[in-house]
$ cat input-v2.tsv   # TSV, C-alpha atoms
chain	number	residue	atom	x	y	z
A	190	MET	CA	-22.79	12.58	-1.40
A	191	SER	CA	-23.69	9.27	0.25
A	192	PHE	CA	-26.21	8.19	2.86
A	193	VAL	CA	-25.70	6.12	6.00
A	194	HIS	CA	-29.36	4.98	5.94
A	195	PRO	CA	-30.48	4.82	2.30
A	196	THR	CA	-34.03	3.90	3.36
A	197	GLY	CA	-34.36	7.47	4.61
A	198	VAL	CA	-34.07	8.66	1.00
A	199	LEU	CA	-36.99	6.44	0.06
A	200	LEU	CA	-38.94	7.94	2.94
A	201	ALA	CA	-38.01	11.45	1.79
A	202	CYS	CA	-39.45	10.67	-1.65
A	203	CYS	CA	-42.60	8.81	-0.56
A	204	VAL	CA	-43.83	11.19	2.16
A	205	PRO	CA	-44.15	14.29	-0.10
A	206	LEU	CA	-45.99	12.23	-2.71
A	207	ALA	CA	-48.37	10.95	-0.04
A	208	VAL	CA	-49.00	14.48	1.28
A	209	MET	CA	-49.78	15.83	-2.21
A	210	ALA	CA	-52.03	12.86	-2.93
A	211	LEU	CA	-53.97	13.64	0.26
A	212	TRP	CA	-54.23	17.28	-0.82
A	213	PHE	CA	-55.77	16.32	-4.18
A	214	TYR	CA	-58.16	13.95	-2.43
A	215	ASP	CA	-59.11	16.66	0.09
A	216	ARG	CA	-59.74	19.20	-2.67
A	217	ALA	CA	-61.94	16.80	-4.63
A	218	ARG	CA	-63.83	15.80	-1.51
A	219	ARG	CA	-64.46	19.43	-0.48
A	220	GLN	CA	-65.73	20.23	-3.98
A	221	GLN	CA	-68.05	17.25	-3.83
A	222	LEU	CA	-69.45	18.23	-0.43
A	223	ALA	CA	-69.88	21.87	-1.49
A	224	ASN	CA	-71.96	20.78	-4.48
A	225	ARG	CA	-74.23	18.77	-2.21
A	226	LEU	CA	-74.91	21.59	0.26
A	227	GLY	CA	-77.07	23.79	-1.96
A	228	GLU	CA	-76.92	26.58	-4.56
A	229	LEU	CA	-73.33	27.45	-5.50
A	230	PRO	CA	-73.73	31.28	-5.31
A	231	VAL	CA	-74.94	30.99	-1.74
A	232	ILE	CA	-72.27	28.45	-0.78
A	233	LYS	CA	-69.53	30.64	-2.25
A	234	LYS	CA	-70.55	33.52	0.02
A	235	VAL	CA	-70.57	31.18	3.04
A	236	ILE	CA	-67.07	29.87	2.32
A	237	ALA	CA	-65.66	33.08	0.90
A	238	THR	CA	-62.88	33.20	3.52
A	239	ALA	CA	-61.64	29.71	2.64
A	240	SER	CA	-58.40	29.92	0.66
A	241	PRO	CA	-57.57	26.99	-1.68
A	242	GLY	CA	-54.26	28.71	-2.44
A	243	ARG	CA	-53.27	28.69	1.21
A	244	ARG	CA	-54.21	25.03	1.50
A	245	LEU	CA	-51.98	24.28	-1.51
A	246	ALA	CA	-49.16	26.35	0.01
A	247	LYS	CA	-49.49	24.48	3.31
A	248	ALA	CA	-49.45	21.13	1.49
A	249	ILE	CA	-46.30	22.12	-0.41
A	250	LEU	CA	-44.59	23.32	2.78
A	251	VAL	CA	-45.46	20.10	4.60
A	252	SER	CA	-44.22	18.03	1.66
A	253	LEU	CA	-40.93	19.88	1.49
A	254	GLY	CA	-40.48	19.95	5.26
A	255	LEU	CA	-41.11	16.22	5.74
A	256	GLY	CA	-38.98	15.44	2.69
A	257	LEU	CA	-36.03	17.35	4.13
A	258	VAL	CA	-36.51	15.69	7.52
A	259	GLY	CA	-36.48	12.33	5.74
A	260	ILE	CA	-33.22	13.22	4.02
A	261	SER	CA	-31.69	14.20	7.38
A	262	ILE	CA	-32.80	10.84	8.82
A	263	ALA	CA	-30.86	9.18	5.99
A	264	ARG	CA	-27.73	10.98	7.32
A	265	PRO	CA	-26.20	12.42	4.15
A	266	GLN	CA	-22.42	12.55	4.16
A	267	THR	CA	-19.74	14.07	1.99
A	268	ALA	CA	-16.30	12.59	1.46
A	269	GLY	CA	-13.31	14.61	2.50
A	270	LYS	CA	-9.69	14.12	3.40
A	271	ARG	CA	-7.19	15.62	5.76
A	272	THR	CA	-3.45	15.32	6.19
A	273	VAL	CA	-2.35	13.43	9.28
A	274	LYS	CA	1.16	13.67	10.65
A	275	LEU	CA	2.59	10.45	12.03
A	276	ARG	CA	5.70	10.49	14.17
A	277	GLY	CA	6.86	7.02	15.00
A	278	LEU	CA	9.21	4.16	14.28
A	279	ASP	CA	9.03	0.82	12.49
A	280	LEU	CA	9.23	-2.00	15.00
A	281	VAL	CA	9.55	-5.77	14.66
A	282	VAL	CA	8.19	-7.58	17.72
A	283	ALA	CA	9.63	-11.11	17.66
A	284	VAL	CA	8.43	-13.85	20.03
A	285	ASP	CA	10.27	-17.15	20.49
A	286	VAL	CA	7.78	-20.06	20.19
A	287	SER	CA	10.24	-22.96	20.44
A	288	LYS	CA	9.58	-25.88	22.80
A	289	SER	CA	11.73	-24.39	25.55
A	290	MET	CA	9.32	-21.45	25.75
A	291	LEU	CA	6.67	-23.81	27.13
A	292	VAL	CA	8.68	-24.33	30.32
A	293	ASP	CA	6.58	-23.33	33.34
A	294	ASP	CA	9.26	-21.57	35.42
A	295	VAL	CA	7.27	-18.31	35.44
A	296	GLY	CA	4.31	-17.23	37.53
A	297	GLN	CA	0.73	-17.34	36.27
A	298	THR	CA	-0.72	-13.92	35.54
A	299	ALA	CA	-4.32	-12.85	36.04
A	300	ALA	CA	-4.91	-13.05	32.28
A	301	MET	CA	-3.62	-16.64	32.23
A	302	MET	CA	-5.96	-17.54	35.08
A	303	GLN	CA	-8.91	-15.93	33.34
A	304	LYS	CA	-8.20	-17.77	30.10
A	305	LYS	CA	-7.33	-20.97	32.01
A	306	ILE	CA	-3.90	-21.11	30.42
A	307	ALA	CA	-1.04	-22.91	32.14
A	308	PRO	CA	1.88	-20.65	33.08
A	309	SER	CA	4.71	-20.67	30.55
A	310	ARG	CA	7.46	-18.49	29.18
A	311	LEU	CA	5.55	-18.24	25.92
A	312	GLY	CA	2.39	-17.05	27.63
A	313	ARG	CA	4.28	-14.35	29.51
A	314	SER	CA	6.17	-13.31	26.35
A	315	ARG	CA	2.94	-12.95	24.41
A	316	GLU	CA	1.34	-10.89	27.16
A	317	MET	CA	4.34	-8.61	27.39
A	318	ALA	CA	4.54	-8.24	23.60
A	319	VAL	CA	0.83	-7.34	23.42
A	320	ALA	CA	1.22	-4.87	26.30
A	321	LEU	CA	4.15	-3.30	24.43
A	322	ILE	CA	2.17	-3.03	21.17
A	323	ASP	CA	-0.82	-1.52	22.96
A	324	SER	CA	1.43	1.15	24.47
A	325	LEU	CA	2.79	2.33	21.12
A	326	ASP	CA	1.44	5.48	19.49
A	327	ASP	CA	2.02	6.05	15.77
A	328	ASP	CA	4.56	3.24	15.42
A	329	ARG	CA	4.14	0.57	12.77
A	330	VAL	CA	4.52	-3.01	13.99
A	331	ALA	CA	5.61	-6.19	12.23
A	332	PRO	CA	4.85	-9.22	14.44
A	333	LEU	CA	7.19	-12.18	14.06
A	334	VAL	CA	7.34	-15.64	15.65
A	335	PHE	CA	10.31	-17.93	15.38
A	336	ALA	CA	11.81	-21.29	16.26
A	337	ALA	CA	14.16	-22.95	13.74
A	338	SER	CA	12.63	-20.61	11.15
A	339	ALA	CA	10.68	-17.36	11.32
A	340	ALA	CA	7.19	-16.35	10.19
A	341	HIS	CA	6.26	-12.69	10.00
A	342	PHE	CA	3.48	-10.28	9.14
A	343	PRO	CA	4.26	-7.05	7.22
A	344	LEU	CA	4.47	-3.70	8.97
A	345	THR	CA	1.00	-2.61	9.96
A	346	GLU	CA	-0.78	0.06	11.99
A	347	ASP	CA	-3.50	-2.43	12.92
A	348	ARG	CA	-2.70	-3.38	16.51
A	349	GLU	CA	-5.37	-6.08	16.67
A	350	VAL	CA	-4.02	-7.90	13.63
A	351	ALA	CA	-0.47	-7.79	14.98
A	352	GLU	CA	-1.52	-9.15	18.37
A	353	ARG	CA	-3.66	-11.87	16.82
A	354	PHE	CA	-0.71	-13.03	14.71
A	355	LEU	CA	1.46	-13.54	17.80
A	356	TYR	CA	-1.21	-15.77	19.36
A	357	ASP	CA	-2.18	-17.71	16.23
A	358	LEU	CA	1.21	-19.30	15.55
A	359	GLY	CA	3.00	-21.59	18.00
A	360	ALA	CA	5.60	-24.31	18.33
A	361	ALA	CA	3.63	-26.77	16.19
A	362	ASP	CA	3.58	-24.36	13.23
A	363	LEU	CA	7.35	-24.01	12.84
A	364	PRO	CA	10.30	-26.43	12.63
A	365	PRO	CA	11.75	-27.32	16.06
A	366	GLY	CA	14.84	-25.54	17.26
A	367	SER	CA	15.96	-21.94	17.67
A	368	ASN	CA	17.62	-19.96	14.88
A	369	LEU	CA	18.37	-16.42	16.04
A	370	ALA	CA	20.27	-15.59	12.86
A	371	GLU	CA	17.09	-16.14	10.85
A	372	VAL	CA	15.17	-13.82	13.21
A	373	PHE	CA	17.55	-10.92	12.68
A	374	ARG	CA	17.80	-11.51	8.92
A	375	VAL	CA	14.02	-11.57	8.40
A	376	SER	CA	13.58	-8.58	10.71
A	377	ARG	CA	16.04	-6.34	8.86
A	378	CYS	CA	14.55	-7.37	5.53
A	379	VAL	CA	11.12	-6.34	6.79
A	380	LEU	CA	12.42	-3.03	8.14
A	381	ARG	CA	14.54	-2.14	5.10
A	382	PRO	CA	12.62	-3.22	1.97
A	383	ASP	CA	14.44	-0.45	0.09
A	384	LEU	CA	17.59	-2.61	0.28
A	385	TYR	CA	15.79	-5.80	-0.63
A	386	ASP	CA	18.18	-6.96	-3.33
A	387	ASP	CA	21.32	-5.96	-1.45
A	388	LEU	CA	20.34	-7.74	1.74
A	389	GLY	CA	19.65	-11.10	0.15
A	390	CYS	CA	16.07	-11.19	1.34
A	391	SER	CA	14.62	-13.07	-1.62
A	392	ARG	CA	13.75	-16.06	0.56
A	393	ILE	CA	11.13	-14.19	2.53
A	394	GLY	CA	9.53	-12.75	-0.60
A	395	HIS	CA	8.14	-9.33	-1.38
A	396	ARG	CA	4.73	-8.07	-0.32
A	397	GLY	CA	3.11	-10.90	-2.28
A	398	HIS	CA	-0.17	-11.03	-4.18
A	399	GLY	CA	-2.55	-12.42	-1.60
A	400	GLY	CA	-6.04	-11.07	-2.16
A	401	ASP	CA	-5.38	-10.12	-5.79
A	402	PRO	CA	-8.14	-11.10	-8.26
A	403	LEU	CA	-7.74	-14.42	-10.03
A	404	PRO	CA	-6.98	-14.43	-13.77
A	405	GLY	CA	-10.09	-13.34	-15.62
A	406	ASP	CA	-11.69	-11.73	-12.57
A	407	LYS	CA	-12.30	-8.02	-12.42
A	408	PRO	CA	-10.76	-6.19	-9.45
A	409	ASP	CA	-13.14	-4.91	-6.84
A	410	PRO	CA	-13.25	-1.07	-6.94
A	411	ALA	CA	-13.62	-1.09	-3.14
A	412	ASP	CA	-10.14	-2.61	-2.85
A	413	LYS	CA	-8.49	0.19	-4.82
A	414	VAL	CA	-5.97	2.13	-2.78
A	415	GLU	CA	-5.88	5.79	-3.65
A	416	LYS	CA	-2.49	7.36	-4.23
A	417	ASP	CA	-3.11	9.91	-1.50
A	418	GLU	CA	-3.53	7.12	1.09
A	419	ILE	CA	0.13	6.11	0.78
A	420	VAL	CA	2.29	7.10	3.73
A	421	VAL	CA	4.94	9.60	2.70
A	422	ASP	CA	8.05	9.72	4.85
A	423	LYS	CA	9.23	13.27	5.48
A	424	GLU	CA	11.95	12.10	7.86
A	425	GLU	CA	13.39	8.62	7.96
A	426	ARG	CA	11.59	6.52	10.55
A	427	GLY	CA	13.61	4.82	13.25
A	428	LYS	CA	13.97	1.04	13.03
A	429	ALA	CA	14.02	-1.36	15.97
A	430	ILE	CA	13.74	-5.05	16.79
A	431	VAL	CA	12.43	-6.34	20.12
A	432	VAL	CA	13.01	-10.05	20.73
A	433	PHE	CA	11.31	-12.03	23.52
A	434	THR	CA	13.25	-15.24	24.12
A	435	ASP	CA	14.84	-17.44	26.76
A	436	GLY	CA	18.20	-17.30	25.00
A	437	GLY	CA	20.07	-19.22	22.37
A	438	ASP	CA	23.47	-19.88	20.95
A	439	PRO	CA	24.87	-16.58	19.57
A	440	ASP	CA	26.72	-18.32	16.75
A	441	GLU	CA	28.75	-16.56	14.09
A	442	ALA	CA	25.77	-16.18	11.75
A	443	ALA	CA	23.64	-14.53	14.44
A	444	ILE	CA	26.44	-12.11	15.42
A	445	ARG	CA	26.97	-11.25	11.75
A	446	GLU	CA	23.26	-10.54	11.22
A	447	VAL	CA	23.15	-8.35	14.34
A	448	ALA	CA	26.19	-6.41	13.09
A	449	THR	CA	24.52	-5.90	9.71
A	450	SER	CA	21.37	-4.61	11.39
A	451	ARG	CA	23.45	-2.24	13.48
A	452	GLU	CA	25.16	-0.86	10.35
A	453	LEU	CA	21.71	-0.20	8.88
A	454	GLY	CA	20.71	1.83	11.93
A	455	ILE	CA	18.39	-0.82	13.39
A	456	ALA	CA	18.31	-0.85	17.18
A	457	LEU	CA	18.15	-4.25	18.88
A	458	PHE	CA	16.37	-4.92	22.18
A	459	ILE	CA	16.33	-8.34	23.81
A	460	VAL	CA	13.98	-9.36	26.61
A	461	GLY	CA	14.95	-12.50	28.50
A	462	VAL	CA	12.07	-14.67	29.74
A	463	GLY	CA	12.30	-17.48	32.25
A	464	SER	CA	14.45	-18.16	35.30
A	465	PRO	CA	18.14	-18.99	35.77
A	466	ALA	CA	17.13	-22.25	37.47
A	467	GLY	CA	15.12	-23.25	34.43
A	468	GLY	CA	12.78	-26.18	34.03
A	469	VAL	CA	12.17	-29.41	32.17
A	470	VAL	CA	11.28	-29.18	28.47
A	471	HIS	CA	8.27	-31.25	27.40
A	472	GLU	CA	7.24	-32.57	24.03
A	473	ILE	CA	4.31	-30.92	22.27
A	474	ASP	CA	1.12	-32.21	20.67
A	475	GLU	CA	-0.34	-31.31	17.29
A	476	GLU	CA	-1.79	-28.09	18.72
A	477	GLY	CA	1.57	-26.96	20.09
A	478	LYS	CA	0.67	-27.59	23.74
A	479	ALA	CA	3.07	-29.22	26.19
A	480	THR	CA	2.42	-32.87	26.90
A	481	ALA	CA	3.40	-35.04	29.87
A	482	ALA	CA	6.25	-36.53	27.85
A	483	VAL	CA	9.65	-35.05	28.71
A	484	LYS	CA	12.13	-34.23	25.99
A	485	HIS	CA	15.39	-36.20	26.32
A	486	THR	CA	18.91	-35.82	25.02
A	487	PRO	CA	20.46	-38.61	22.91
A	488	ASP	CA	22.04	-40.07	26.07
A	489	GLY	CA	18.64	-40.24	27.80
A	490	GLN	CA	18.93	-37.21	30.06
A	491	SER	CA	15.96	-34.87	30.53
A	492	VAL	CA	16.40	-31.60	28.69
A	493	ILE	CA	16.62	-28.66	31.10
A	494	SER	CA	16.20	-25.16	29.71
A	495	LYS	CA	17.58	-22.16	31.61
A	496	ARG	CA	17.42	-18.51	30.77
A	497	ASP	CA	20.73	-17.80	29.06
A	498	ASP	CA	21.57	-14.26	30.16
A	499	ALA	CA	25.17	-14.37	28.96
A	500	ALA	CA	24.21	-15.26	25.39
A	501	MET	CA	21.48	-12.60	25.21
A	502	ARG	CA	23.74	-9.94	26.68
A	503	GLN	CA	26.36	-10.82	24.08
A	504	LEU	CA	23.81	-10.28	21.32
A	505	ALA	CA	22.73	-6.95	22.80
A	506	GLU	CA	26.36	-5.87	22.98
A	507	ALA	CA	26.86	-6.85	19.34
A	508	GLY	CA	23.84	-4.69	18.57
A	509	GLY	CA	25.63	-1.68	19.99
A	510	ASP	CA	24.34	-1.34	23.55
A	511	PRO	CA	24.51	-4.01	26.31
A	512	ASN	CA	21.96	-1.98	28.28
A	513	ARG	CA	19.33	-2.98	25.73
A	514	PHE	CA	19.07	-6.40	27.34
A	515	PHE	CA	16.18	-6.69	29.78
A	516	ILE	CA	14.96	-9.45	32.05
A	517	ALA	CA	11.20	-9.95	32.24
A	518	SER	CA	9.81	-10.48	35.70
A	519	SER	CA	8.94	-14.10	36.38
A	520	ARG	CA	6.35	-13.15	38.97
A	521	GLY	CA	3.47	-10.71	39.05
A	522	GLU	CA	1.96	-8.94	36.07
A	523	VAL	CA	3.81	-8.04	32.89
A	524	ASP	CA	5.33	-4.58	32.69
A	525	PRO	CA	6.66	-3.30	29.34
A	526	THR	CA	7.71	0.06	30.82
A	527	PRO	CA	11.52	-0.54	30.75
A	528	VAL	CA	11.39	-1.53	27.08
A	529	LEU	CA	9.11	1.40	26.23
A	530	ASP	CA	11.46	3.82	27.94
A	531	ALA	CA	14.38	2.44	25.94
A	532	LEU	CA	12.41	2.64	22.68
A	533	ARG	CA	11.74	6.34	23.27
A	534	ALA	CA	15.44	6.96	22.74
A	535	VAL	CA	15.16	5.66	19.16
A	536	ASN	CA	14.62	8.38	16.58
A	537	ARG	CA	11.01	8.63	15.46
A	538	GLY	CA	10.67	9.88	11.90
A	539	LEU	CA	7.88	12.06	10.54
A	540	SER	CA	5.40	10.75	7.99
A	541	THR	CA	2.27	12.20	6.45
A	542	LYS	CA	-0.83	10.46	5.19
A	543	GLN	CA	-4.03	11.61	3.55
A	544	VAL	CA	-6.90	10.21	5.60
A	545	TYR	CA	-10.28	9.93	3.90
A	546	GLU	CA	-13.19	10.86	6.13
A	547	LYS	CA	-16.94	11.27	5.80
A	548	HIS	CA	-18.65	14.29	7.30
A	549	ASP	CA	-22.32	14.45	8.29
A	550	ILE	CA	-24.26	17.23	6.58
A	551	PHE	CA	-27.76	16.40	7.79
A	552	GLN	CA	-28.00	19.50	9.99
A	553	PRO	CA	-29.00	21.99	7.24
A	554	PHE	CA	-31.64	19.61	5.89
A	555	LEU	CA	-33.10	19.07	9.35
A	556	PHE	CA	-33.08	22.78	10.21
A	557	ILE	CA	-34.74	23.90	6.98
A	558	GLY	CA	-37.26	21.07	7.19
A	559	LEU	CA	-38.30	22.03	10.73
A	560	VAL	CA	-38.51	25.72	9.76
A	561	LEU	CA	-40.85	24.88	6.87
A	562	LEU	CA	-43.06	22.84	9.19
A	563	VAL	CA	-43.22	25.72	11.68
A	564	VAL	CA	-44.10	28.18	8.89
A	565	GLU	CA	-46.79	25.82	7.64
A	566	ALA	CA	-48.31	25.61	11.11
A	567	ALA	CA	-48.43	29.43	11.29
A	568	ILE	CA	-50.35	29.79	8.01
A	569	SER	CA	-54.14	29.83	8.33
A	570	THR	CA	-56.43	28.21	5.77
A	571	ARG	CA	-58.77	31.26	5.96
A	572	ARG	CA	-58.34	34.69	4.40
A	573	ARG	CA	-59.11	37.79	6.41
A	574	ARG	CA	-62.04	39.66	4.82
A	575	ARG	CA	-64.09	42.37	6.53
A	576	PHE	CA	-67.35	41.59	4.69
A	577	PRO	CA	-67.00	38.11	3.19
A	578	GLU	CA	-70.70	37.98	2.32
A	579	ASP	CA	-70.18	40.75	-0.26
A	580	HIS	CA	-67.96	38.51	-2.39
$ encode --input "input-v2.tsv" --output "structure tokens"
Amino acid sequence: MSFVHPTGVLLACCVPLAVMALWFYDRARRQQLANRLGELPVIKKVIATASPGRRLAKAILVSLGLGLVGISIARPQTAGKRTVKLRGLDLVVAVDVSKSMLVDDVGQTAAMMQKKIAPSRLGRSREMAVALIDSLDDDRVAPLVFAASAAHFPLTEDREVAERFLYDLGAADLPPGSNLAEVFRVSRCVLRPDLYDDLGCSRIGHRGHGGDPLPGDKPDPADKVEKDEIVVDKEERGKAIVVFTDGGDPDEAAIREVATSRELGIALFIVGVGSPAGGVVHEIDEEGKATAAVKHTPDGQSVISKRDDAAMRQLAEAGGDPNRFFIASSRGEVDPTPVLDALRAVNRGLSTKQVYEKHDIFQPFLFIGLVLLVVEAAISTRRRRRFPEDH
């Protein structure tokens, strides 16, 4: 048993002691006053109805009653666990953060205005990805950002962590360029760790040892994960990848990685961001924000980036279904509904997990404490005697 407010336990211990101390003081004081009133035989007849036993009983009842109320104030709790069924899929949400994603050929949303963020493909992609994550139920999410390389976070049920990851990394944190093959390779390695050695995923590493105690340090018991907390898959969970990008060259390596993912049962969804007309690509500063400087080709021409629908549709087709290519609206608010509807068609496996919970048990203590206080109030300090002067 544990307590939410441990100071209540101290109160539960101190109050009964104080009540009993007052009772001893009251008894001594009454004895002292009785001795000063006159002859003891006469005084005993006068106070014959007074009951020291009842006073002691009342003091004990008050002590116990206030002690139990103090314990209830401390909110005692017991640990318990229950089995939770989770029906969902494992989903990689990948957002392109290359320089071309900073092109401002999309409308500014209300969230961008509120945060005073300039309109960009990246801003709209992040908003749509967050809206998609927020709309998921029991699905596990692995956020991923990419340019010439990819950075990812492991599968997690923590929506806030996943969303924060997508906003924390930008174009300045990754090598310039766009490598779609790397996106699909990292994604399938995250989704299928059971085939880690077969898939050649050694470059992205295993779970890692971040947060482990240093050599010589003792592990914190609070960090221990109980065996029952591990998610147990009863049915294989569906696997899916959702990529938010403005397009890219579907080279042989990218097509091969998509085909491998398809063979592993991983569904691929691509969301195109931007406009067919495109816009000028700018250089970025150290914080990953677009500067006034325009990016140029080797021959001095300004780099224009357009949404490449043909390339993205080709990737979706290689993934097994050309209808899994979507175009994000360039105007108005973000709407992840089409992608969500398509994700519902992916098989959602069944998993179970033992969830540890704490249950309040202060009610019995409070009830019994109040009952004792009511009983104490109903007890008189005088005994009923017909002729007290005869005693």
$ residues_around --input "input-v2.tsv" --residues "Val204 of chain A" --least-positions-apart "6" --cutoff "8 Å" --atoms "only C-alpha atoms" --output "short mmCIF file (atom, residue, chain, number, x, y, z; two decimals) with C-alpha atoms, in the coordinates of the input"
data_model
loop_
_atom_site.label_atom_id
_atom_site.label_comp_id
_atom_site.auth_asym_id
_atom_site.auth_seq_id
_atom_site.Cartn_x
_atom_site.Cartn_y
_atom_site.Cartn_z
CA SER A 252 -44.22 18.03 1.66
CA LEU A 255 -41.11 16.22 5.74
CA GLY A 256 -38.98 15.44 2.69
#
$ residues_near_point --input "input-v2.tsv" --point "(-53.7, 29.0, 8.9)" --cutoff "10 Å" --atoms "only C-alpha atoms" --output "PyMOL selection string"
chain A and resi 240+243-244+247+564-572
$ write_last_selection --input "input-v2.tsv" --atoms "C-alpha atoms" --output "short mmCIF file (atom, residue, chain, number, x, y, z; two decimals), in the frame of the given file"
data_model
loop_
_atom_site.label_atom_id
_atom_site.label_comp_id
_atom_site.auth_asym_id
_atom_site.auth_seq_id
_atom_site.Cartn_x
_atom_site.Cartn_y
_atom_site.Cartn_z
CA SER A 240 -58.40 29.92 0.66
CA ARG A 243 -53.27 28.69 1.21
CA ARG A 244 -54.21 25.03 1.50
CA LYS A 247 -49.49 24.48 3.31
CA VAL A 564 -44.10 28.18 8.89
CA GLU A 565 -46.79 25.82 7.64
CA ALA A 566 -48.31 25.61 11.11
CA ALA A 567 -48.43 29.43 11.29
CA ILE A 568 -50.35 29.79 8.01
CA SER A 569 -54.14 29.83 8.33
CA THR A 570 -56.43 28.21 5.77
CA ARG A 571 -58.77 31.26 5.96
CA ARG A 572 -58.34 34.69 4.40
#
$ residues_around --input "input-v2.tsv" --residues "Glu346 of chain A" --least-positions-apart "3" --cutoff "12 Å" --atoms "only C-alpha atoms" --output "MDAnalysis selection string"
chainID A and resid 275 277:280 322:323 325:332 342:343 349:352 420
$ atom_distance --input "input-v2.tsv" --atom1 "atom CA of Asn536 of chain A" --atom2 "atom CA of Lys428 of chain A"
8.2 Å
$ closest_residue --input "input-v2.tsv" --among "A:Tyr385, A:Phe192, A:Phe373, A:Phe514" --to "Asp435 of chain A" --atoms "all atoms listed in the file"
A:Phe514
$ closest_residue --input "input-v2.tsv" --among "A:Asp215, A:Cys378, A:Ala517, A:Leu222" --to "Arg310 of chain A" --atoms "all atoms listed in the file"
A:Ala517
$ residues_around --input "input-v2.tsv" --residues "Leu529 of chain A" --least-positions-apart "5" --cutoff "12 Å" --atoms "only C-alpha atoms" --output "number ranges by chain"
A: 280, 317-318, 320-326, 328, 429, 431, 458, 460, 513, 515, 524, 534-535
$ atom_distance --input "input-v2.tsv" --atom1 "atom CA of Leu559 of chain A" --atom2 "atom CA of Val198 of chain A"
17.1 Å
$ axis_aligned_box --input "input-v2.tsv" --around "segment 300-310 of chain A" --padding-each-side "6 Å" --output "lines of an AutoDock Vina configuration file"
center_x = -0.7
center_y = -18.0
center_z = 32.1
size_x = 28.4
size_y = 21.9
size_z = 17.9
$ closest_residue --input "input-v2.tsv" --among "A:Val447, A:Val281, A:Val432, A:Ala263" --to "His341 of chain A" --atoms "all atoms listed in the file"
A:Val281
$ residues_near_point --input "input-v2.tsv" --point "(2.9, -13.9, 22.1)" --cutoff "10 Å" --atoms "all atoms listed in the file" --output "JSON, numbers by chain"
{"A": [282, 283, 284, 285, 286, 310, 311, 312, 313, 314, 315, 316, 317, 318, 319, 332, 333, 334, 351, 352, 353, 354, 355, 356, 357, 358, 359, 433]}
$ atom_distance --input "input-v2.tsv" --atom1 "atom CA of Ala336 of chain A" --atom2 "atom CA of Gly436 of chain A"
11.5 Å
$ residues_around --input "input-v2.tsv" --residues "Asp438 of chain A" --least-positions-apart "4" --cutoff "9 Å" --atoms "all atoms listed in the file" --output "VMD selection string"
chain A and resid 367 to 369 443 497 500 to 501
$ closest_residue --input "input-v2.tsv" --among "A:Ile516, A:Val372, A:Ala300, A:Ala337" --to "Ser464 of chain A" --atoms "only C-alpha atoms"
A:Ile516
$ residues_around --input "input-v2.tsv" --residues "Gly508 of chain A" --least-positions-apart "5" --cutoff "8 Å" --atoms "all atoms listed in the file" --output "list of chain:residue names"
A:Val447, A:Ala448, A:Ser450, A:Arg451, A:Ala456, A:Leu457
$ build_atoms --input "input-v2.tsv" --residues "segment 313-324 of chain A" --atoms "N, CA and C atoms" --output "tab-separated table (two decimals), in the frame of the given file"
chain	number	residue	atom	x	y	z
A	313	ARG	N	3.82	-15.63	28.97
A	313	ARG	CA	4.28	-14.35	29.51
A	313	ARG	C	4.87	-13.48	28.40
A	314	SER	N	5.59	-14.08	27.46
A	314	SER	CA	6.17	-13.31	26.35
A	314	SER	C	5.07	-12.70	25.50
A	315	ARG	N	4.04	-13.48	25.21
A	315	ARG	CA	2.94	-12.95	24.41
A	315	ARG	C	2.24	-11.80	25.12
A	316	GLU	N	2.00	-11.96	26.42
A	316	GLU	CA	1.34	-10.89	27.16
A	316	GLU	C	2.18	-9.62	27.16
A	317	MET	N	3.48	-9.78	27.35
A	317	MET	CA	4.34	-8.61	27.39
A	317	MET	C	4.43	-7.96	26.01
A	318	ALA	N	4.49	-8.78	24.95
A	318	ALA	CA	4.54	-8.24	23.60
A	318	ALA	C	3.26	-7.47	23.27
A	319	VAL	N	2.11	-8.01	23.67
A	319	VAL	CA	0.83	-7.34	23.42
A	319	VAL	C	0.76	-6.04	24.22
A	320	ALA	N	1.21	-6.08	25.48
A	320	ALA	CA	1.22	-4.87	26.30
A	320	ALA	C	2.12	-3.80	25.67
A	321	LEU	N	3.23	-4.24	25.10
A	321	LEU	CA	4.15	-3.30	24.43
A	321	LEU	C	3.48	-2.69	23.20
A	322	ILE	N	2.83	-3.52	22.39
A	322	ILE	CA	2.17	-3.03	21.17
A	322	ILE	C	1.05	-2.06	21.52
A	323	ASP	N	0.29	-2.39	22.56
A	323	ASP	CA	-0.82	-1.52	22.96
A	323	ASP	C	-0.33	-0.16	23.45
A	324	SER	N	0.90	-0.09	23.92
A	324	SER	CA	1.43	1.15	24.47
A	324	SER	C	2.07	2.04	23.41
